[in-house]
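K.L.:
My file is my_file03.cif. It has mmCIF, C-alpha atoms and all ligand atoms:
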```
data_final
#
loop_
_atom_site.label_atom_id
_atom_site.label_comp_id
_atom_site.auth_asym_id
_atom_site.auth_seq_id
_atom_site.Cartn_x
_atom_site.Cartn_y
_atom_site.Cartn_z
CA MET A 258 -10.86 -32.96 -17.53
CA ARG A 259 -8.70 -30.43 -19.33
CA LEU A 260 -7.75 -27.19 -17.56
CA GLU A 261 -9.25 -24.06 -19.16
CA SER A 262 -6.12 -21.98 -18.80
CA THR A 263 -3.27 -22.41 -21.28
CA ALA A 264 -0.99 -20.08 -19.28
CA PRO A 265 1.87 -21.92 -17.58
CA ALA A 266 1.80 -21.98 -13.78
CA PRO A 267 4.25 -19.41 -12.40
CA LYS A 268 7.54 -20.68 -11.04
CA ARG A 269 7.61 -20.55 -7.23
CA LYS A 270 10.29 -20.25 -4.54
CA PHE A 271 9.29 -20.84 -0.90
CA GLY A 272 5.66 -20.75 -2.09
CA VAL A 273 6.11 -17.27 -3.63
CA SER A 274 5.56 -16.65 -7.35
CA ILE A 275 8.66 -15.58 -9.28
CA LYS A 276 7.97 -13.08 -12.05
CA THR A 277 9.46 -13.65 -15.51
CA PRO A 278 11.15 -10.75 -17.33
CA GLU A 279 7.90 -10.36 -19.32
CA ASP A 280 5.87 -10.20 -16.09
CA VAL A 281 8.28 -7.58 -14.71
CA VAL A 282 7.68 -5.32 -17.73
CA LYS A 283 3.93 -5.47 -17.00
CA MET A 284 4.45 -4.92 -13.24
CA ARG A 285 6.53 -1.83 -14.06
CA THR A 286 3.72 -0.43 -16.18
CA ALA A 287 1.05 -1.15 -13.56
CA GLY A 288 3.25 0.39 -10.86
CA ARG A 289 3.92 3.54 -12.86
CA LEU A 290 0.20 4.00 -13.57
CA ALA A 291 -0.76 3.56 -9.89
CA ALA A 292 1.87 6.18 -8.96
CA GLN A 293 0.38 8.56 -11.55
CA VAL A 294 -2.97 8.47 -9.74
CA LEU A 295 -1.31 9.71 -6.52
CA ASP A 296 0.42 12.47 -8.52
CA MET A 297 -2.91 13.48 -10.02
CA ILE A 298 -5.06 13.51 -6.85
CA GLY A 299 -2.81 15.70 -4.63
CA LYS A 300 -4.18 19.06 -5.76
CA HIS A 301 -7.76 17.93 -4.99
CA VAL A 302 -7.04 17.20 -1.32
CA ARG A 303 -8.11 20.38 0.49
CA PRO A 304 -10.54 21.39 3.25
CA GLY A 305 -14.15 20.94 2.14
CA VAL A 306 -13.63 18.11 -0.35
CA THR A 307 -15.36 14.82 0.49
CA THR A 308 -13.62 11.47 0.30
CA GLY A 309 -16.45 10.43 -2.03
CA GLU A 310 -15.40 13.18 -4.44
CA LEU A 311 -11.75 12.07 -4.22
CA ASP A 312 -12.83 8.51 -5.06
CA LYS A 313 -14.86 9.69 -8.06
CA ILE A 314 -11.96 11.76 -9.45
CA CYS A 315 -9.58 8.79 -9.06
CA HIS A 316 -12.09 6.36 -10.57
CA GLU A 317 -12.64 8.49 -13.69
CA TYR A 318 -8.89 9.01 -14.12
CA ILE A 319 -8.06 5.31 -13.66
CA VAL A 320 -10.77 4.08 -16.02
CA ASN A 321 -10.86 6.82 -18.71
CA ASP A 322 -7.34 8.30 -18.80
CA LEU A 323 -5.18 5.34 -17.74
CA GLU A 324 -7.50 2.64 -19.12
CA CYS A 325 -6.95 0.53 -16.03
CA ILE A 326 -9.23 -1.41 -13.69
CA PRO A 327 -9.50 -0.08 -10.10
CA ALA A 328 -8.75 -3.28 -8.16
CA PRO A 329 -10.56 -2.36 -4.90
CA LEU A 330 -13.99 -1.94 -6.57
CA ASN A 331 -16.07 -5.00 -5.58
CA TYR A 332 -12.95 -6.68 -4.13
CA ARG A 333 -13.68 -9.36 -1.51
CA GLY A 334 -11.02 -10.05 1.09
CA GLY A 335 -12.75 -13.12 2.51
CA PRO A 336 -16.12 -14.85 2.76
CA SER A 337 -17.15 -12.77 5.81
CA GLN A 338 -16.44 -9.49 4.03
CA PRO A 339 -18.87 -7.64 1.77
CA PRO A 340 -17.38 -6.46 -1.55
CA PHE A 341 -15.49 -3.15 -1.22
CA PRO A 342 -17.90 -0.57 -2.69
CA LYS A 343 -15.46 2.07 -4.00
CA SER A 344 -12.40 2.36 -6.26
CA VAL A 345 -9.80 3.63 -3.79
CA CYS A 346 -9.33 3.57 -0.01
CA THR A 347 -9.38 6.88 1.90
CA SER A 348 -8.30 6.58 5.53
CA VAL A 349 -8.70 9.79 7.56
CA ASN A 350 -6.94 10.63 10.87
CA HIS A 351 -7.49 7.62 13.21
CA VAL A 352 -8.53 5.31 10.34
CA VAL A 353 -5.64 2.86 9.91
CA CYS A 354 -6.58 1.44 6.48
CA HIS A 355 -9.41 0.41 4.14
CA GLY A 356 -11.46 3.58 4.79
CA ILE A 357 -14.49 3.65 2.49
CA PRO A 358 -14.88 6.92 0.55
CA SER A 359 -18.15 8.72 1.30
CA HIS A 360 -19.92 11.84 0.12
CA LYS A 361 -20.74 12.47 3.80
CA LYS A 362 -17.06 12.63 4.87
CA LYS A 363 -15.83 16.19 4.30
CA LEU A 364 -12.17 16.89 5.04
CA LYS A 365 -11.49 19.75 7.43
CA SER A 366 -8.34 21.80 7.82
CA GLY A 367 -5.67 19.79 9.63
CA ASP A 368 -7.02 16.37 8.60
CA SER A 369 -4.57 13.77 7.33
CA VAL A 370 -5.70 11.19 4.77
CA ASN A 371 -4.04 8.15 3.26
CA ILE A 372 -5.17 7.50 -0.31
CA ASP A 373 -4.46 3.92 -1.40
CA ILE A 374 -4.50 3.15 -5.11
CA THR A 375 -4.43 -0.28 -6.74
CA VAL A 376 -4.78 -0.54 -10.52
CA ILE A 377 -4.81 -3.54 -12.83
CA LYS A 378 -3.20 -3.14 -16.26
CA ASP A 379 -2.77 -6.05 -18.67
CA GLY A 380 -3.60 -8.46 -15.85
CA PHE A 381 -0.99 -7.15 -13.37
CA HIS A 382 -1.47 -5.06 -10.20
CA GLY A 383 0.30 -1.91 -8.99
CA ASP A 384 -0.42 -0.92 -5.35
CA THR A 385 0.74 2.30 -3.65
CA SER A 386 -0.41 4.84 -1.08
CA LYS A 387 0.71 8.08 0.52
CA MET A 388 -0.38 10.57 3.16
CA PHE A 389 -1.97 13.90 2.22
CA PHE A 390 -3.02 16.81 4.42
CA ALA A 391 -6.01 19.11 4.06
CA GLY A 392 -4.68 22.52 5.08
CA GLU A 393 -1.96 22.62 7.75
CA PRO A 394 -1.38 19.46 9.79
CA SER A 395 -0.43 19.42 13.46
CA VAL A 396 3.24 18.98 14.37
CA LEU A 397 2.41 15.43 15.49
CA ALA A 398 0.59 14.50 12.26
CA ARG A 399 3.51 15.72 10.16
CA ARG A 400 6.07 13.89 12.31
CA LEU A 401 4.06 10.64 12.32
CA SER A 402 3.74 10.75 8.54
CA MET A 403 7.46 11.46 8.04
CA VAL A 404 8.53 8.70 10.41
CA THR A 405 6.19 6.24 8.68
CA GLN A 406 7.50 7.17 5.23
CA ASN A 407 11.06 6.83 6.47
CA ALA A 408 10.26 3.46 8.06
CA MET A 409 8.93 2.29 4.68
CA TYR A 410 12.14 3.46 2.98
CA GLN A 411 14.28 1.65 5.57
CA GLY A 412 12.24 -1.48 4.92
CA ILE A 413 12.82 -1.10 1.18
CA ARG A 414 16.58 -0.68 1.73
CA ALA A 415 16.63 -4.12 3.40
CA VAL A 416 15.42 -5.79 0.18
CA ARG A 417 18.03 -7.80 -1.72
CA PRO A 418 18.42 -11.44 -2.83
CA GLY A 419 19.55 -13.53 0.13
CA ALA A 420 18.08 -11.15 2.73
CA ARG A 421 15.13 -12.43 4.80
CA LEU A 422 11.58 -11.17 5.08
CA GLY A 423 12.20 -10.49 8.78
CA ASP A 424 14.97 -8.02 7.90
CA ILE A 425 12.32 -5.77 6.35
CA GLY A 426 10.01 -5.93 9.35
CA HIS A 427 12.89 -5.39 11.76
CA ALA A 428 14.08 -2.24 9.95
CA ILE A 429 10.55 -0.78 10.03
CA GLN A 430 9.91 -1.65 13.66
CA VAL A 431 13.18 -0.03 14.79
CA CYS A 432 12.32 3.21 12.95
CA ALA A 433 8.83 3.41 14.43
CA GLU A 434 9.57 2.37 18.00
CA SER A 435 12.67 4.58 18.33
CA GLU A 436 10.26 7.51 17.87
CA ASN A 437 7.87 6.05 20.47
CA PHE A 438 5.30 5.13 17.84
CA SER A 439 3.81 1.63 17.44
CA VAL A 440 3.50 -0.82 14.54
CA VAL A 441 0.09 -2.26 13.58
CA ARG A 442 0.38 -6.07 13.54
CA GLU A 443 -2.96 -7.24 12.16
CA TYR A 444 -2.35 -5.96 8.63
CA CYS A 445 0.75 -6.43 6.51
CA GLY A 446 2.31 -6.07 3.08
CA HIS A 447 1.76 -8.83 0.53
CA GLY A 448 2.99 -10.51 -2.59
CA ILE A 449 1.39 -9.01 -5.69
CA GLY A 450 1.23 -9.74 -9.41
CA GLN A 451 -1.65 -11.23 -11.37
CA VAL A 452 -3.23 -11.71 -7.94
CA PHE A 453 -3.92 -8.64 -5.72
CA HIS A 454 -2.93 -10.31 -2.43
CA GLU A 455 -0.68 -13.35 -2.68
CA GLU A 456 2.18 -14.92 -0.73
CA PRO A 457 4.26 -13.83 1.11
CA GLN A 458 2.89 -11.84 4.04
CA VAL A 459 5.28 -8.95 4.63
CA LEU A 460 5.13 -8.14 8.35
CA HIS A 461 6.15 -4.65 9.42
CA TYR A 462 7.84 -5.93 12.58
CA GLY A 463 10.12 -8.85 13.26
CA LYS A 464 13.56 -10.25 13.81
CA LYS A 465 16.60 -9.93 11.56
CA GLY A 466 17.37 -13.19 9.76
CA SER A 467 13.87 -14.64 10.29
CA GLY A 468 11.38 -15.62 7.60
CA ILE A 469 11.88 -16.78 4.02
CA GLU A 470 14.80 -15.75 1.86
CA LEU A 471 14.16 -13.05 -0.77
CA VAL A 472 14.73 -14.22 -4.34
CA GLN A 473 15.17 -12.21 -7.56
CA GLY A 474 11.81 -11.88 -9.33
CA MET A 475 9.64 -11.71 -6.21
CA THR A 476 7.28 -8.70 -6.10
CA PHE A 477 5.57 -7.54 -2.93
CA THR A 478 4.34 -4.44 -1.15
CA ILE A 479 5.80 -2.75 1.90
CA GLU A 480 3.05 -0.71 3.56
CA PRO A 481 3.65 0.03 7.24
CA MET A 482 0.78 1.36 9.37
CA ILE A 483 2.25 3.26 12.32
CA ASN A 484 0.22 4.58 15.26
CA ALA A 485 0.92 7.60 17.46
CA GLY A 486 -0.57 5.73 20.43
CA LYS A 487 -0.92 2.01 21.11
CA ARG A 488 -0.68 -0.56 18.31
CA HIS A 489 -4.15 -2.04 18.80
CA VAL A 490 -6.84 -1.67 16.16
CA LYS A 491 -10.55 -2.35 15.79
CA LEU A 492 -12.63 -3.36 12.75
CA LEU A 493 -15.84 -1.33 12.33
CA PRO A 494 -19.19 -3.07 11.67
CA ASP A 495 -18.92 -2.24 7.93
CA GLN A 496 -16.30 -5.06 7.96
CA TRP A 497 -13.73 -2.87 6.15
CA THR A 498 -12.81 0.27 8.09
CA VAL A 499 -9.94 -0.32 10.52
CA VAL A 500 -9.43 2.28 13.29
CA THR A 501 -7.01 2.69 16.18
CA LYS A 502 -8.57 1.38 19.38
CA ASP A 503 -7.46 4.49 21.28
CA HIS A 504 -8.63 6.77 18.43
CA LYS A 505 -5.15 8.33 18.21
CA LEU A 506 -3.58 9.29 14.89
CA THR A 507 -2.16 6.75 12.46
CA ALA A 508 -0.25 6.93 9.16
CA GLN A 509 0.56 4.62 6.25
CA TRP A 510 2.76 4.70 3.14
CA GLU A 511 3.00 1.93 0.53
CA HIS A 512 5.16 0.94 -2.42
CA THR A 513 5.28 -2.12 -4.69
CA ILE A 514 8.81 -3.54 -4.81
CA LEU A 515 10.68 -5.94 -7.12
CA VAL A 516 13.63 -8.00 -5.84
CA THR A 517 16.36 -7.49 -8.48
CA ASP A 518 19.63 -9.37 -9.01
CA THR A 519 21.46 -7.04 -6.62
CA GLY A 520 18.79 -5.31 -4.53
CA PHE A 521 15.41 -3.68 -5.13
CA GLU A 522 13.43 -1.67 -7.66
CA VAL A 523 10.56 0.54 -6.49
CA LEU A 524 7.88 -0.06 -9.13
CA THR A 525 5.57 2.70 -7.85
CA LEU A 526 8.14 5.48 -7.28
CA ARG A 527 6.93 9.05 -7.96
CA GLU A 528 9.12 11.83 -9.34
CA GLU A 529 8.62 13.96 -6.18
CA GLU A 530 10.36 11.31 -4.05
CA GLU A 531 13.93 11.79 -2.91
CA PHE A 532 14.63 8.06 -3.02
CA SER A 533 16.43 6.15 -5.73
CA ARG A 534 14.29 3.82 -7.80
CA GLU A 535 16.90 1.07 -7.59
CA GLY A 536 19.25 0.02 -4.86
N1 LIG A 601 -4.72 -1.47 -1.35
C1 LIG A 601 -4.89 -2.19 -0.12
C2 LIG A 601 -3.58 -2.86 0.15
O1 LIG A 601 -2.61 -2.17 0.21
C3 LIG A 601 -5.99 -3.18 -0.17
C4 LIG A 601 -7.31 -2.59 -0.33
S1 LIG A 601 -8.47 -3.81 -0.45
C5 LIG A 601 -9.85 -2.92 -0.58
O2 LIG A 601 -3.42 -4.04 0.23
F1 LIG A 601 -10.76 -3.73 -0.97
F2 LIG A 601 -10.11 -2.36 0.57
F3 LIG A 601 -9.68 -1.97 -1.46
CO CO A 602 -1.10 -3.40 -0.54
CO CO A 603 -2.66 -0.54 -1.12
#
```
Go ahead and express the file in the form of structure tokens.
Ligand code: MF3
Ligand code: CO
Ligand code: CO
P.N.:
Amino acid sequence: MRLESTAPAPKRKFGVSIKTPEDVVKMRTAGRLAAQVLDMIGKHVRPGVTTGELDKICHEYIVNDLECIPAPLNYRGGPSQPPFPKSVCTSVNHVVCHGIPSHKKKLKSGDSVNIDITVIKDGFHGDTSKMFFAGEPSVLARRLSMVTQNAMYQGIRAVRPGARLGDIGHAIQVCAESENFSVVREYCGHGIGQVFHEEPQVLHYGKKGSGIELVQGMTFTIEPMINAGKRHVKLLPDQWTVVTKDHKLTAQWEHTILVTDTGFEVLTLREEEEFSREG
């Protein structure tokens, strides 16, 4: 029987798809558009807004203004998981990741929320998230968010051809643990392209020199989840929402990264960031 698809199978290295220059152009576009959603939503995050309203604003913007597909909507992680019912993830305070937006969840002053955006444009995914605060955060919430963002940046700086996946995880773990915070182990970054979650798994902890070698043309996310208390997490009965077992605060930041000939390119960088797009 003849295969339906006429597209050539992507080239692979160590089981990881290698993007062609044409793929990279599309990944850049998808990444830029995902970043634009985070730029857009910031002014809407304030006390009194519901996460359901934030989802609706993002959905309309993604579909109507950017003409993209919101990848989370109806996404299924596995056979035991119901389809994700909303277009973005909103993870408030002790919610580690995959929080489901709800019109019943009103943000109050001092709340922190991670908004995680994944868009599909021209068949390619861009995936990025950042922390927002409604009103004034506590000193701890601000410090946890800053350390987590910095840990992500240190992970990104470890990306270059010839480096190992474990170098990324090691850099992140050192940043987090030197501040007496802990790294969530059950969830990780991931390869990304025409598929939302593909090889490799990008752990946010590990040993220098371990894991597969990074090769030019690989694209993956780095998205550390860092807890103020212990690292352990719990999955709620909705089969999506992940919370800290001790109900202490958690934070997450995420970028989509390309391995270039000499280092990295951050495909989802926003203008507000004091971090160079390439390194
Ligand atoms: N954007 C998340 C990630 O960083 C995945 C969300 S899957 C969803 O990998 F279905 F919950 F949206
Ligand atoms: Co991701
Ligand atoms: Co994401």
K.L.:
Extract, using only C-alpha atoms, all DNA, RNA and protein residues at most 10 Å from A:Tyr318, discarding same-chain residues fewer than 3 positions from it, and format them as a list of chain:residue names.
P.N.:
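Contacts, with the query itself left out: A:Gln293, A:Val294, A:Met297, A:Ile298, A:Asp312, A:Lys313, A:Ile314, A:Cys315, A:Asn321, A:Asp322, A:Leu323, A:Glu324, A:Cys325, A:Pro327.
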K.L.:
Enumerate as an NGL selection string the residues within 7 Å of ligand CO 602 (chain A), counting only C-alpha atoms and all ligand atoms.
P.N.:
:A and (384-385 or 446-447 or 478 or 480 or 511)
K.L.:
Given a cut-off of 9 Å, what residues near ligand LIG 601 (chain A) show up using all atoms listed in the file, put as a PyMOL selection string?
P.N.:
chain A and resi 327-334+340-346+354-357+373-375+384-386+444-447+453-454+478-480+497-498+511-512
K.L.:
Calculate how many Å separate atom CA of A:Thr519 from atom CA of A:Met475, rounding to one decimal.
P.N.:
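These atoms are spaced 12.7 Å apart.
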K.L.:
Using only C-alpha atoms, which protein or nucleic acid residues come within 8 Å of A:Lys362? Drop anything in the same chain fewer than 2 positions from it, and give the result as a ChimeraX atom specification.
P.N.:
/A:307-309,358-360,364
K.L.:
Counting all atoms listed in the file, which of A:Arg488, A:Arg534, A:Lys378, A:Lys387 gets nearest to A:Arg414?
P.N.:
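The closest residue to A:Arg414 is A:Arg534.
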K.L.:
Considering all atoms listed in the file, can you say which of A:Thr286, A:Thr517, A:Asn437, A:Gln473 comes closest to A:Arg400?
P.N.:
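Closest to A:Arg400 of all the choices is A:Asn437.
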K.L.:
List as a list of chain:residue names the residues having at least one atom at most 9 Å from position (-4.9, 4.9, 14.4) as given in the file, counting all atoms listed in the file.
P.N.:
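These residues have at least one counted atom within 9 Å: A:Asn350, A:His351, A:Val352, A:Val353, A:Cys354, A:Val441, A:Met482, A:Ile483, A:Asn484, A:Ala485, A:Gly486, A:Lys487, A:Arg488, A:His489, A:Val490, A:Val499, A:Val500, A:Thr501, A:Lys502, A:Asp503, A:His504, A:Lys505, A:Leu506, A:Thr507, A:Ala508.
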K.L.:
Using all atoms listed in the file, pick whichever of A:Ala415, A:Thr405, A:Pro457, A:Gln509 has the shortest atom-to-atom distance to A:Val370.
P.N.:
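Result for the nearest residue to A:Val370: A:Gln509.
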K.L.:
As AutoDock Vina command-line options, please: the centre and edge lengths in Å, to one decimal, of an axis-aligned box enclosing every listed atom of stretch 296-311 of chain A with 4 Å added on each side.
P.N.:
```
--center_x -8.0 --center_y 15.9 --center_z -3.4 --size_x 24.9 --size_y 19.0 --size_z 21.3
```
K.L.:
May I ask which of the residues A:Gln430, A:Ser435, A:Thr476, A:Gln338 is the closest one to A:Thr277, counting all atoms listed in the file?
P.N.:
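So, comparing all the options, the nearest one is A:Thr476.
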K.L.:
If we count all atoms listed in the file, what is near A:Pro278 at a cut-off of 12 Å, once residues fewer than 2 positions away on the same chain are taken out, given as a list in words?
P.N.:
Ile275, Lys276, Asp280, Val281, Val282, Lys283, Met284, Arg285, Gln473, Gly474, Met475, Leu515, Thr517 and Asp518 of chain A
K.L.:
Write out, as an mmCIF file, in the coordinates of the input, the residues just selected, with C-alpha atoms.
P.N.:
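Listed below is the output, again21.cif:
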```
data_model
loop_
_atom_site.group_PDB
_atom_site.id
_atom_site.type_symbol
_atom_site.label_atom_id
_atom_site.label_comp_id
_atom_site.auth_asym_id
_atom_site.auth_seq_id
_atom_site.Cartn_x
_atom_site.Cartn_y
_atom_site.Cartn_z
ATOM 1 C CA ILE A 275 8.660 -15.580 -9.280
ATOM 2 C CA LYS A 276 7.970 -13.080 -12.050
ATOM 3 C CA ASP A 280 5.870 -10.200 -16.090
ATOM 4 C CA VAL A 281 8.280 -7.580 -14.710
ATOM 5 C CA VAL A 282 7.680 -5.320 -17.730
ATOM 6 C CA LYS A 283 3.930 -5.470 -17.000
ATOM 7 C CA MET A 284 4.450 -4.920 -13.240
ATOM 8 C CA ARG A 285 6.530 -1.830 -14.060
ATOM 9 C CA GLN A 473 15.170 -12.210 -7.560
ATOM 10 C CA GLY A 474 11.810 -11.880 -9.330
ATOM 11 C CA MET A 475 9.640 -11.710 -6.210
ATOM 12 C CA LEU A 515 10.680 -5.940 -7.120
ATOM 13 C CA THR A 517 16.360 -7.490 -8.480
ATOM 14 C CA ASP A 518 19.630 -9.370 -9.010
#
```
K.L.:
Measuring atom to atom with all atoms listed in the file, identify which of A:His316, A:His427, A:Lys365, A:His382 is nearest to ligand CO 603 (chain A).
P.N.:
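Closest candidate: A:His382.
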